[in-house]
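The file my_file12.cif contains mmCIF, C-alpha atoms:
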```
data_data
#
loop_
_atom_site.label_atom_id
_atom_site.label_comp_id
_atom_site.auth_asym_id
_atom_site.auth_seq_id
_atom_site.Cartn_x
_atom_site.Cartn_y
_atom_site.Cartn_z
CA MET A 24 -23.68 -8.25 -43.03
CA PRO A 25 -22.93 -10.21 -46.25
CA ASP A 26 -23.29 -13.98 -45.86
CA SER A 27 -19.57 -14.44 -46.49
CA ASP A 28 -18.58 -12.21 -43.56
CA PRO A 29 -17.77 -14.11 -40.37
CA ALA A 30 -19.89 -13.14 -37.35
CA VAL A 31 -16.71 -12.64 -35.33
CA LEU A 32 -13.29 -11.94 -36.77
CA LEU A 33 -10.16 -11.32 -34.71
CA ARG A 34 -6.74 -10.67 -36.23
CA GLY A 35 -3.95 -10.15 -33.73
CA ALA A 36 -6.40 -8.68 -31.24
CA GLY A 37 -4.96 -7.41 -27.99
CA ARG A 38 -6.01 -5.54 -24.92
CA ARG A 39 -4.05 -4.11 -21.99
CA TYR A 40 -4.96 -2.88 -18.53
CA GLY A 41 -2.24 -0.34 -17.90
CA GLU A 42 1.03 -2.17 -18.50
CA ARG A 43 -0.49 -5.64 -18.13
CA ALA A 44 -1.57 -7.39 -21.31
CA ALA A 45 -4.87 -9.16 -20.70
CA LEU A 46 -5.23 -10.41 -24.27
CA ARG A 47 -2.38 -10.87 -26.73
CA ASP A 48 -2.39 -11.55 -30.46
CA VAL A 49 -5.64 -13.53 -30.62
CA SER A 50 -6.86 -14.44 -34.10
CA LEU A 51 -9.95 -16.45 -35.04
CA GLU A 52 -13.00 -16.54 -37.28
CA LEU A 53 -16.47 -17.63 -36.26
CA ALA A 54 -19.16 -18.08 -38.88
CA ALA A 55 -22.73 -16.91 -38.33
CA GLY A 56 -24.81 -19.44 -36.41
CA GLN A 57 -21.76 -21.17 -34.94
CA THR A 58 -20.68 -21.45 -31.31
CA LEU A 59 -17.24 -20.65 -29.92
CA VAL A 60 -16.46 -21.93 -26.45
CA VAL A 61 -13.61 -20.26 -24.59
CA PHE A 62 -11.72 -22.13 -21.86
CA GLY A 63 -8.99 -20.88 -19.58
CA PRO A 64 -8.06 -20.40 -15.94
CA ASN A 65 -9.03 -17.30 -13.99
CA GLY A 66 -7.31 -14.23 -15.41
CA ALA A 67 -6.70 -15.88 -18.78
CA GLY A 68 -8.55 -13.13 -20.65
CA LYS A 69 -11.96 -14.77 -21.25
CA THR A 70 -14.04 -11.97 -19.77
CA THR A 71 -11.84 -9.35 -21.45
CA LEU A 72 -12.46 -11.05 -24.81
CA LEU A 73 -16.23 -11.06 -24.27
CA ARG A 74 -16.31 -7.45 -23.10
CA MET A 75 -14.24 -6.41 -26.10
CA LEU A 76 -16.65 -8.16 -28.48
CA ALA A 77 -19.56 -6.52 -26.62
CA THR A 78 -18.06 -3.05 -27.37
CA LEU A 79 -17.58 -2.44 -23.63
CA LEU A 80 -13.77 -2.47 -23.97
CA ARG A 81 -11.73 -0.98 -26.80
CA PRO A 82 -9.22 -3.27 -28.48
CA HIS A 83 -5.68 -1.91 -28.13
CA ALA A 84 -4.14 -3.98 -30.91
CA GLY A 85 -5.15 -5.86 -34.03
CA GLU A 86 -8.44 -5.99 -35.89
CA VAL A 87 -11.79 -6.82 -34.29
CA ARG A 88 -14.89 -7.22 -36.45
CA VAL A 89 -18.28 -8.19 -35.06
CA LEU A 90 -21.29 -8.89 -37.29
CA GLY A 91 -19.38 -7.42 -40.21
CA ARG A 92 -18.57 -4.13 -38.46
CA SER A 93 -15.19 -2.94 -37.27
CA LEU A 94 -14.73 -2.16 -33.56
CA PRO A 95 -14.50 0.24 -31.90
CA ASP A 96 -15.45 2.62 -34.74
CA ASP A 97 -18.75 0.94 -35.65
CA GLY A 98 -19.71 -0.04 -32.11
CA TYR A 99 -22.96 1.89 -32.32
CA ALA A 100 -24.10 -0.21 -35.29
CA VAL A 101 -23.74 -3.57 -33.53
CA ARG A 102 -24.79 -2.81 -29.95
CA GLY A 103 -28.46 -3.60 -30.50
CA ARG A 104 -27.55 -6.88 -32.22
CA ILE A 105 -25.52 -8.27 -29.32
CA GLY A 106 -26.84 -9.99 -26.21
CA PHE A 107 -24.36 -9.90 -23.32
CA LEU A 108 -24.56 -12.04 -20.21
CA GLY A 109 -21.63 -11.35 -17.91
CA HIS A 110 -20.80 -12.10 -14.30
CA GLU A 111 -23.01 -9.21 -13.19
CA PRO A 112 -26.72 -9.50 -14.05
CA LEU A 113 -26.93 -5.77 -15.00
CA LEU A 114 -30.17 -5.48 -13.05
CA TYR A 115 -31.05 -2.86 -10.45
CA ARG A 116 -31.54 -4.60 -7.12
CA GLU A 117 -34.28 -2.32 -5.84
CA LEU A 118 -36.40 -2.66 -8.98
CA SER A 119 -38.45 -5.74 -9.79
CA GLY A 120 -37.50 -8.10 -12.59
CA ARG A 121 -40.34 -6.77 -14.71
CA GLU A 122 -39.33 -3.14 -14.10
CA ASN A 123 -35.73 -3.95 -15.01
CA LEU A 124 -36.73 -5.70 -18.22
CA ARG A 125 -39.13 -2.93 -19.18
CA PHE A 126 -36.31 -0.43 -18.70
CA HIS A 127 -34.00 -2.41 -20.98
CA ALA A 128 -36.85 -2.96 -23.43
CA ARG A 129 -37.33 0.79 -23.72
CA LEU A 130 -33.60 1.30 -24.31
CA HIS A 131 -33.72 -1.30 -27.10
CA GLY A 132 -37.05 -0.15 -28.53
CA VAL A 133 -38.76 -3.44 -27.66
CA GLY A 134 -42.46 -3.70 -26.74
CA SER A 135 -43.72 -4.77 -23.31
CA GLU A 136 -45.33 -7.94 -24.76
CA ARG A 137 -41.81 -9.20 -25.46
CA VAL A 138 -40.94 -8.56 -21.78
CA GLU A 139 -43.80 -10.80 -20.67
CA ALA A 140 -42.81 -13.43 -23.24
CA VAL A 141 -39.20 -13.70 -22.03
CA LEU A 142 -40.28 -13.64 -18.38
CA ALA A 143 -42.51 -16.63 -19.11
CA ALA A 144 -39.76 -18.31 -21.13
CA VAL A 145 -37.34 -18.22 -18.19
CA GLY A 146 -40.08 -19.19 -15.72
CA MET A 147 -39.98 -15.91 -13.84
CA ASP A 148 -43.41 -14.56 -14.69
CA ARG A 149 -44.82 -15.29 -11.23
CA ARG A 150 -41.93 -13.63 -9.34
CA ALA A 151 -41.44 -10.81 -11.85
CA GLY A 152 -42.94 -8.24 -9.48
CA ASP A 153 -40.49 -8.95 -6.66
CA PRO A 154 -37.45 -6.70 -6.16
CA VAL A 155 -34.31 -8.34 -7.58
CA ALA A 156 -32.68 -7.99 -4.14
CA GLU A 157 -35.20 -10.49 -2.75
CA LEU A 158 -34.57 -13.19 -5.36
CA SER A 159 -32.19 -16.14 -5.18
CA ARG A 160 -29.01 -16.09 -7.30
CA GLY A 161 -30.49 -18.63 -9.67
CA MET A 162 -33.60 -16.51 -10.19
CA VAL A 163 -31.47 -13.42 -10.79
CA GLN A 164 -29.46 -15.40 -13.36
CA ARG A 165 -32.67 -16.38 -15.13
CA LEU A 166 -33.69 -12.71 -15.25
CA ALA A 167 -30.24 -11.87 -16.58
CA VAL A 168 -30.75 -14.42 -19.37
CA ALA A 169 -34.12 -12.80 -20.12
CA ARG A 170 -32.42 -9.39 -20.28
CA ALA A 171 -29.71 -10.66 -22.60
CA VAL A 172 -32.17 -12.08 -25.16
CA LEU A 173 -34.89 -9.45 -24.74
CA HIS A 174 -34.07 -7.69 -28.02
CA GLU A 175 -33.54 -10.96 -29.93
CA PRO A 176 -29.83 -10.44 -30.59
CA GLU A 177 -27.98 -12.15 -33.44
CA LEU A 178 -24.83 -12.68 -31.37
CA LEU A 179 -24.82 -13.94 -27.79
CA LEU A 180 -21.80 -13.31 -25.57
CA LEU A 181 -22.17 -15.53 -22.52
CA ASP A 182 -19.77 -15.56 -19.59
CA GLU A 183 -20.38 -18.83 -17.72
CA PRO A 184 -24.10 -18.57 -18.49
CA LEU A 185 -25.21 -21.60 -16.51
CA ALA A 186 -23.59 -20.53 -13.25
CA ASN A 187 -26.08 -20.62 -10.34
CA LEU A 188 -28.70 -22.46 -12.41
CA ASP A 189 -30.08 -25.83 -11.31
CA PRO A 190 -30.62 -28.53 -13.97
CA ALA A 191 -34.30 -27.59 -14.43
CA ALA A 192 -33.44 -23.93 -14.92
CA GLN A 193 -30.62 -24.86 -17.31
CA ALA A 194 -33.14 -26.79 -19.41
CA GLN A 195 -35.53 -23.84 -19.24
CA VAL A 196 -33.03 -21.29 -20.60
CA ALA A 197 -31.54 -23.67 -23.19
CA PRO A 198 -33.95 -22.67 -26.01
CA LEU A 199 -32.98 -19.03 -25.45
CA ILE A 200 -29.20 -19.24 -25.12
CA GLY A 201 -28.36 -22.87 -25.93
CA ALA A 202 -27.04 -24.35 -29.14
CA GLY A 203 -30.62 -24.71 -30.39
CA SER A 204 -31.27 -20.97 -30.14
CA GLY A 205 -30.00 -20.56 -33.70
CA ARG A 206 -27.84 -17.62 -32.68
CA THR A 207 -24.12 -17.13 -33.05
CA ARG A 208 -22.66 -17.70 -29.60
CA VAL A 209 -19.39 -17.00 -27.84
CA LEU A 210 -19.39 -18.52 -24.37
CA THR A 211 -16.90 -19.16 -21.63
CA SER A 212 -16.80 -22.34 -19.60
CA HIS A 213 -14.71 -24.18 -17.06
CA ASP A 214 -16.44 -27.47 -17.78
CA PRO A 215 -14.40 -29.46 -20.37
CA ALA A 216 -17.14 -31.95 -21.19
CA GLY A 217 -20.22 -29.74 -20.89
CA GLY A 218 -18.63 -26.72 -22.54
CA LEU A 219 -17.85 -28.58 -25.74
CA VAL A 220 -21.44 -29.77 -26.17
CA GLY A 221 -22.98 -27.86 -29.05
CA ALA A 222 -19.76 -25.94 -29.75
CA ASP A 223 -18.21 -25.66 -33.21
CA LEU A 224 -14.93 -24.06 -32.24
CA ALA A 225 -12.89 -24.17 -29.03
CA LEU A 226 -10.44 -21.50 -27.87
CA GLY A 227 -8.10 -22.05 -24.94
CA LEU A 228 -6.64 -18.93 -23.37
CA LYS A 229 -3.75 -18.81 -20.95
CA GLY A 230 -2.08 -15.59 -19.83
CA GLY A 231 -4.01 -13.75 -22.53
CA ARG A 232 -2.63 -15.88 -25.36
CA ALA A 233 -4.51 -18.39 -27.53
CA GLU A 234 -2.89 -21.68 -26.49
CA LEU A 235 -5.54 -23.76 -28.22
CA LEU A 236 -7.77 -23.07 -31.22
CA ALA A 237 -9.41 -26.01 -32.93
CA PRO A 238 -12.76 -27.42 -34.03
CA ALA A 239 -14.58 -28.46 -30.88
CA ALA A 240 -15.04 -32.02 -32.14
CA ALA A 241 -11.25 -32.43 -32.32
CA VAL A 242 -10.54 -31.15 -28.81
CA THR A 243 -10.04 -33.59 -25.97
CA PRO A 244 -10.75 -32.94 -22.27
CA ALA A 245 -7.04 -33.56 -21.65
CA GLN A 246 -6.11 -30.60 -23.88
CA ILE A 247 -8.48 -28.39 -21.92
CA ALA A 248 -7.22 -29.70 -18.59
CA ALA A 249 -3.69 -28.77 -19.67
CA LEU A 250 -4.74 -25.11 -19.82
CA TYR A 251 -5.46 -25.22 -16.10
CA ALA A 252 -2.26 -27.01 -15.16
CA MET B 9 -33.19 10.43 -27.63
CA ARG B 10 -36.43 11.52 -25.95
CA ARG B 11 -37.48 7.89 -25.47
CA THR B 12 -34.13 7.04 -23.86
CA VAL B 13 -34.18 10.09 -21.59
CA ALA B 14 -37.71 9.19 -20.47
CA ALA B 15 -36.67 5.58 -19.79
CA VAL B 16 -33.62 6.55 -17.71
CA LEU B 17 -35.50 9.30 -15.90
CA GLY B 18 -38.36 6.95 -15.03
CA LYS B 19 -35.90 4.38 -13.71
CA GLU B 20 -34.07 7.10 -11.75
CA PHE B 21 -37.22 8.31 -9.97
CA ALA B 22 -38.37 4.73 -9.32
CA LEU B 23 -35.01 3.92 -7.69
CA GLU B 24 -35.08 7.08 -5.57
CA TRP B 25 -38.65 6.32 -4.51
CA ARG B 26 -37.63 2.80 -3.42
CA THR B 27 -34.31 3.62 -1.76
CA ARG B 28 -34.91 7.21 -0.59
CA GLU B 29 -31.14 7.65 -0.54
CA SER B 30 -30.69 11.14 -1.97
CA ILE B 31 -33.58 13.50 -1.33
CA PRO B 32 -34.14 12.77 2.40
CA ALA B 33 -30.41 13.15 3.10
CA MET B 34 -30.29 16.43 1.18
CA VAL B 35 -33.38 17.79 2.99
CA LEU B 36 -32.12 16.73 6.39
CA PHE B 37 -28.72 18.27 5.74
CA ALA B 38 -30.20 21.60 4.61
CA VAL B 39 -32.66 21.92 7.50
CA THR B 40 -30.04 20.89 10.06
CA THR B 41 -27.59 23.43 8.66
CA TYR B 42 -30.18 26.21 8.98
CA VAL B 43 -30.72 25.20 12.61
CA VAL B 44 -26.94 25.32 13.17
CA PHE B 45 -26.75 28.77 11.52
CA HIS B 46 -29.64 29.92 13.71
CA PHE B 47 -27.63 29.16 16.82
CA GLY B 48 -24.15 29.73 15.37
CA LEU B 49 -24.87 33.28 14.21
CA ASN B 50 -26.62 33.94 17.53
CA ARG B 51 -29.26 35.91 15.67
CA ASN B 52 -32.96 35.29 15.40
CA THR B 53 -33.21 36.77 11.92
CA ILE B 54 -30.96 37.64 9.03
CA ASP B 55 -31.57 39.57 5.81
CA GLY B 56 -29.94 40.94 2.66
CA ASP B 57 -26.53 39.61 1.57
CA LEU B 58 -26.06 37.45 4.66
CA ALA B 59 -29.43 35.71 4.19
CA ALA B 60 -28.72 35.06 0.53
CA GLY B 61 -25.26 33.69 1.32
CA VAL B 62 -26.54 31.35 4.04
CA LEU B 63 -29.36 30.10 1.79
CA TRP B 64 -27.13 29.35 -1.19
CA VAL B 65 -24.09 27.93 0.56
CA THR B 66 -26.39 25.51 2.40
CA LEU B 67 -28.23 24.50 -0.79
CA LEU B 68 -24.90 23.99 -2.55
CA PHE B 69 -23.57 21.64 0.13
CA ALA B 70 -26.90 19.77 0.17
CA ALA B 71 -26.57 19.40 -3.61
CA ILE B 72 -23.11 17.84 -3.16
CA LEU B 73 -24.78 14.95 -1.30
CA GLY B 74 -27.07 14.29 -4.27
CA ILE B 75 -24.23 14.66 -6.78
CA ASN B 76 -22.20 12.11 -4.82
CA ARG B 77 -24.91 9.47 -5.21
CA LEU B 78 -26.00 10.28 -8.77
CA PHE B 79 -24.16 7.43 -10.53
CA VAL B 80 -23.75 5.00 -7.62
CA ALA B 81 -26.41 2.55 -8.85
CA GLU B 82 -24.91 2.62 -12.36
CA HIS B 83 -21.46 1.95 -10.97
CA GLU B 84 -22.33 -0.70 -8.38
CA GLN B 85 -25.16 -2.54 -10.14
CA GLY B 86 -23.91 -2.61 -13.72
CA GLY B 87 -26.17 0.16 -14.93
CA PHE B 88 -23.37 1.66 -17.02
CA ASP B 89 -22.83 -1.61 -18.90
CA GLY B 90 -26.56 -2.12 -19.37
CA PHE B 91 -26.85 1.35 -20.86
CA LEU B 92 -23.69 1.13 -22.96
CA LEU B 93 -24.91 -2.14 -24.51
CA ALA B 94 -28.03 -0.45 -25.87
CA PRO B 95 -28.10 1.24 -29.29
CA VAL B 96 -28.86 4.66 -27.85
CA ASP B 97 -27.36 8.14 -27.84
CA ARG B 98 -25.12 8.23 -24.78
CA THR B 99 -25.84 11.90 -24.22
CA ALA B 100 -29.34 10.76 -23.19
CA LEU B 101 -27.83 9.41 -19.98
CA PHE B 102 -26.38 12.84 -19.20
CA VAL B 103 -29.65 14.62 -19.97
CA ALA B 104 -31.69 12.18 -17.85
CA LYS B 105 -29.29 12.35 -14.90
CA ALA B 106 -29.14 16.15 -15.04
CA LEU B 107 -32.95 16.31 -15.14
CA ALA B 108 -33.14 13.92 -12.20
CA LEU B 109 -30.71 16.04 -10.16
CA PHE B 110 -32.65 19.17 -11.14
CA GLY B 111 -35.82 17.46 -9.90
CA TYR B 112 -34.18 16.41 -6.62
CA LEU B 113 -32.99 19.98 -6.01
CA CYS B 114 -36.49 21.36 -6.62
CA VAL B 115 -38.01 18.87 -4.17
CA VAL B 116 -35.34 19.67 -1.57
CA GLU B 117 -35.99 23.39 -1.94
CA LEU B 118 -39.72 22.89 -1.41
CA VAL B 119 -38.80 21.97 2.17
CA ALA B 120 -35.50 23.79 2.67
CA VAL B 121 -36.61 27.28 1.59
CA PRO B 122 -39.65 27.41 3.96
CA ALA B 123 -37.40 26.01 6.72
CA PHE B 124 -34.88 28.78 5.98
CA ALA B 125 -37.65 31.39 6.15
CA LEU B 126 -38.94 29.95 9.40
CA LEU B 127 -35.59 29.58 11.15
CA LEU B 128 -33.55 32.51 9.87
CA LEU B 129 -35.13 34.91 7.40
CA GLY B 130 -36.24 38.28 8.79
CA PRO B 131 -38.27 39.72 5.89
CA SER B 132 -41.39 37.91 4.72
CA LEU B 133 -40.75 35.17 2.14
CA GLY B 134 -44.09 35.73 0.41
CA GLN B 135 -43.05 38.92 -1.35
CA ALA B 136 -39.69 37.48 -2.44
CA LEU B 137 -41.06 34.15 -3.62
CA PRO B 138 -41.76 34.83 -7.35
CA GLY B 139 -38.30 36.29 -7.90
CA LEU B 140 -36.64 33.67 -5.73
CA ALA B 141 -38.30 30.89 -7.74
CA ILE B 142 -36.67 32.23 -10.91
CA VAL B 143 -33.24 32.36 -9.24
CA LEU B 144 -33.72 28.86 -7.81
CA LEU B 145 -34.58 27.40 -11.24
CA ALA B 146 -31.62 29.11 -12.93
CA ALA B 147 -29.18 28.03 -10.21
CA ASN B 148 -30.59 24.50 -10.08
CA ALA B 149 -29.98 24.14 -13.81
CA GLY B 150 -26.32 25.12 -13.38
CA ILE B 151 -25.84 22.81 -10.38
CA ALA B 152 -27.54 19.95 -12.24
CA VAL B 153 -25.40 20.30 -15.36
CA VAL B 154 -22.06 20.71 -13.58
CA GLY B 155 -22.99 18.20 -10.89
CA THR B 156 -23.83 15.50 -13.42
CA LEU B 157 -20.59 16.07 -15.26
CA VAL B 158 -18.55 15.93 -12.05
CA ALA B 159 -20.44 12.87 -10.77
CA ALA B 160 -19.75 10.97 -14.01
CA LEU B 161 -16.06 11.83 -13.71
CA ALA B 162 -15.73 11.08 -10.00
CA ILE B 163 -17.55 7.74 -10.10
CA GLN B 164 -14.64 6.32 -12.12
CA THR B 165 -12.24 7.08 -9.27
CA ARG B 166 -11.75 5.33 -5.95
CA ALA B 167 -11.97 8.57 -3.96
CA ARG B 168 -15.44 9.54 -5.20
CA ASP B 169 -16.49 11.15 -1.91
CA LEU B 170 -13.44 13.39 -2.02
CA MET B 171 -13.42 14.08 -5.76
CA VAL B 172 -17.00 15.37 -5.98
CA PRO B 173 -16.58 18.32 -3.59
CA LEU B 174 -13.03 18.98 -4.81
CA LEU B 175 -14.21 19.29 -8.42
CA ALA B 176 -17.73 20.60 -7.98
CA LEU B 177 -17.24 23.35 -5.41
CA PRO B 178 -14.75 25.45 -7.43
CA LEU B 179 -16.79 24.95 -10.59
CA LEU B 180 -19.98 26.00 -8.83
CA VAL B 181 -18.59 29.19 -7.27
CA PRO B 182 -20.09 31.30 -10.11
CA VAL B 183 -23.49 29.74 -9.41
CA VAL B 184 -23.33 30.58 -5.71
CA LEU B 185 -22.07 34.07 -6.51
CA GLY B 186 -24.72 34.71 -9.15
CA ALA B 187 -27.55 33.20 -7.13
CA SER B 188 -26.57 35.02 -3.92
CA GLN B 189 -26.23 38.35 -5.68
CA ALA B 190 -29.51 37.85 -7.48
CA SER B 191 -31.32 36.80 -4.30
CA ALA B 192 -29.91 39.42 -1.91
CA PRO B 193 -32.23 42.27 -3.00
CA LEU B 194 -35.19 39.90 -2.52
CA PHE B 195 -34.30 39.58 1.17
CA ASP B 196 -33.98 43.32 1.90
CA GLN B 197 -35.39 44.33 5.27
CA GLY B 198 -37.46 47.07 3.62
CA GLY B 199 -39.20 44.63 1.26
CA ALA B 200 -38.18 42.68 -1.82
CA ALA B 201 -36.52 44.79 -4.50
CA ALA B 202 -36.45 43.95 -8.21
CA LEU B 203 -34.35 41.04 -9.45
CA PRO B 204 -30.95 42.18 -10.70
CA GLY B 205 -30.98 41.21 -14.38
CA ASP B 206 -27.21 41.14 -14.82
CA TRP B 207 -26.74 38.37 -12.25
CA LEU B 208 -29.58 36.38 -13.72
CA THR B 209 -27.95 36.75 -17.12
CA LEU B 210 -24.68 35.48 -15.65
CA LEU B 211 -26.49 32.40 -14.32
CA ALA B 212 -28.17 31.77 -17.66
CA LEU B 213 -24.87 32.10 -19.55
CA TYR B 214 -23.16 29.78 -17.07
CA ASP B 215 -25.92 27.19 -17.55
CA LEU B 216 -25.63 27.41 -21.32
CA LEU B 217 -21.83 27.25 -21.36
CA PHE B 218 -21.64 24.17 -19.16
CA ALA B 219 -24.52 22.46 -20.97
CA LEU B 220 -22.51 22.82 -24.19
CA ILE B 221 -19.31 21.58 -22.52
CA ALA B 222 -21.17 18.61 -21.05
CA TYR B 223 -22.72 17.77 -24.42
CA ALA B 224 -19.26 17.79 -25.98
CA VAL B 225 -17.40 15.71 -23.39
CA PHE B 226 -19.91 13.37 -21.74
CA ASP B 227 -19.49 10.59 -24.33
CA PHE B 228 -15.77 10.51 -23.60
CA LEU B 229 -16.41 10.09 -19.87
CA LEU B 230 -18.33 6.89 -20.60
CA GLU B 231 -15.68 5.54 -22.95
CA ASP B 232 -13.50 2.73 -21.67
#
```

Take the structure I supplied and represent it as structure tokens, if you would.
Amino acid sequence: MPDSDPAVLLRGAGRRYGERAALRDVSLELAAGQTLVVFGPNGAGKTTLLRMLATLLRPHAGEVRVLGRSLPDDGYAVRGRIGFLGHEPLLYRELSGRENLRFHARLHGVGSERVEAVLAAVGMDRRAGDPVAELSRGMVQRLAVARAVLHEPELLLLDEPLANLDPAAQAQVAPLIGAGSGRTRVLTSHDPAGGLVGADLALGLKGGRAELLAPAAAVTPAQIAALYA
Amino acid sequence: MRRTVAAVLGKEFALEWRTRESIPAMVLFAVTTYVVFHFGLNRNTIDGDLAAGVLWVTLLFAAILGINRLFVAEHEQGGFDGFLLAPVDRTALFVAKALALFGYLCVVELVAVPAFALLLLGPSLGQALPGLAIVLLAANAGIAVVGTLVAALAIQTRARDLMVPLLALPLLVPVVLGASQASAPLFDQGGAAALPGDWLTLLALYDLLFALIAYAVFDFLLED
């Protein structure tokens, strides 16, 4: 990707589910290394946007470019460069955390030493042998964070990444998925104050439309609260 | 591709070992069905065409149970997304799942075929075994390929339990026909006759044809 290319570029992007438009005419540019925070009430299109950027959903309208490649045609070229953390942890419940990460590591061509490193980084090395079904939701979320960064992606797509995490766990995963991770990030949040911390750009979605798009520093909590009204 | 197939296959066997959801159900179904046939036909032994038909219809219905569950973990636990996010050839998922189903069928038959011989078969199984093993492998390959394709299609629908038999049974009729016809001479009362090559060829052609179809269309089944 040339340095001049934005990490994420949307021009009139849209997505439908049957007749219902989940995302309509969304345009934005996010430079490499920057963070975009997406606000909006339930059903506003946040998850659809993330899944579209992750190549899991095809855009139905407009232009979508991720890491300099056009989607959906070049999806194969960007998949290994994206880390996706959605509402589901994408972990098999009957397998242990270590087995799950080793499986994903093999899919991404990553060595097992990296698995141990991320397990230690999220503080799950001592419970890594337990089946995921026996772990608390917070522990599962920490494993999901480990899975998302296992292959050291350039772009992180994070859907409410701190859900289920206590303050200590939030601090623990911050170097991996926080603003200090050095990665380009697109994250969703319902927290007006917390969500803006470390963000460069803020997008407010309502009914699939971009109601707000501005530098994060210029956005007020009142503007975000209006999206939920 | 080989690395991806090995990874998915390893995960598949680990999950089956932990949950024991597919193979025990398939074995139990097959053995129970042979017991029901034993009493339902009101005969102590069967041979020839009837024996071959009973063996293969039972194995086919047992296979449907495994096909039904083949993509459940992917669907319910986000396995599809996890796989689709990786920079891998998507056909590897098909190959791994088909190999897993093939493996399940072989394990089921290790129990079901001796149970069939014990409960129903008149002629000795020993003489028929080498030929029967060839027919079993050829038929398993066809069931695995078509079953994986059908399972991937049905898992996207709400009526998965209905869709699998509705789609798989008609598609697998040639397998049952070919396998039954190929096996029947092996179960002759006078001793196992030679394997009929034309029916084995039909099975092999069926396997090849559906493997090619699956290779061509499987990517589209995973597409959003």

| field | Picked residues, the PyMOL selection byres ((chain B) within 10 of (chain A)), as a ChimeraX atom specification | value | /B:9,11-16,18-19,22-27,81-82,84-97,230-232

| message | I'd like the contact shell of A:Lys69 - 9 Å cut-off, only C-alpha atoms, skipping same-chain residues fewer than 4 positions apart - returned as a list in words. | response |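 Answer for this query is Leu46, Val61, Phe62, Gly63, Pro64, Asn65, Leu73, Arg74, Asp182, Leu210, Thr211, Leu228 and Gly231 of chain A.
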
| request: Decode the PyMOL selection byres ((chain A and resi 251) around 12) for the given file into explicit residues and return them as a PyMOL selection string. | output: chain A and resi 62-67+213-215+227-230+234+244-250+252

| query | Just so the selection is clear, what residues does the PyMOL selection byres ((chain B and resi 190) around 10) cover here, as an NGL selection string? | reply | :B and (57 or 60 or 139-140 or 142-144 or 184-189 or 191-194 or 202-211)

| message | Please report the interatomic distance between atom CA of A:Arg43 and atom CA of A:Thr70 in Å with one decimal. | response |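 Rounded to one decimal, the two atoms are 15.0 Å apart.
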
| Which polymer residues have any atom within 7 Å of an atom of B:Ile72, counting only C-alpha atoms, with same-chain residues fewer than 4 positions away left out, as an MDAnalysis selection string? | chainID B and resid 68 76 173

| query | Can you tell me how far atom CA of B:Arg10 sits from atom CA of A:Asp153, in Å to one decimal? | reply | 28.4 Å

| Which residue, B:Phe226, B:Phe79, B:Phe45, B:Phe21, has the smallest gap to B:Ala159 when you use all atoms listed in the file? | B:Phe79

| task | To one decimal in Å, tell me the separation between atom CA of B:Gly198 and atom CA of B:Leu127. | result |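 Between atom CA of B:Gly198 and atom CA of B:Leu127 the gap works out to 19.1 Å.
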
| Using only C-alpha atoms, which of the listed residues (A:Leu185, A:Val87, A:Leu199, A:Leu76) sits closest to A:Leu142? | A:Leu199

| note | One residue among B:Leu145, B:Val80, B:Ala70, B:Val39 is nearest to B:Ala123 when using all atoms listed in the file, and that residue is B:Val39

| field | Residue neighbourhood B:Ala219, 9 Å, all atoms listed in the file, exclusion window fewer than 4 positions, as a list in words | value |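 Using all atoms listed in the file, the neighbours found are Gly150, Val153, Val154, Tyr214, Asp215, Tyr223 and Ala224 of chain B.
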
| request: Tell me which of B:Val62, B:Leu129, B:Ala149, B:Ile75 sits closest to B:Phe110, counting all atoms listed in the file. | output: B:Ala149

| request: Return the single residue from A:Arg165, A:Arg92, A:Arg208, A:His83 that is closest to A:Gln195, with distances computed using all atoms listed in the file. | output: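 Of A:Arg165, A:Arg92, A:Arg208, A:His83, the one nearest A:Gln195 is A:Arg165, counting all atoms listed in the file.
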
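Nearest residue to B:Phe69, choosing from B:Ile54, B:Ala162, B:Leu180, B:Leu157 and counting all atoms listed in the file: B:Leu180.
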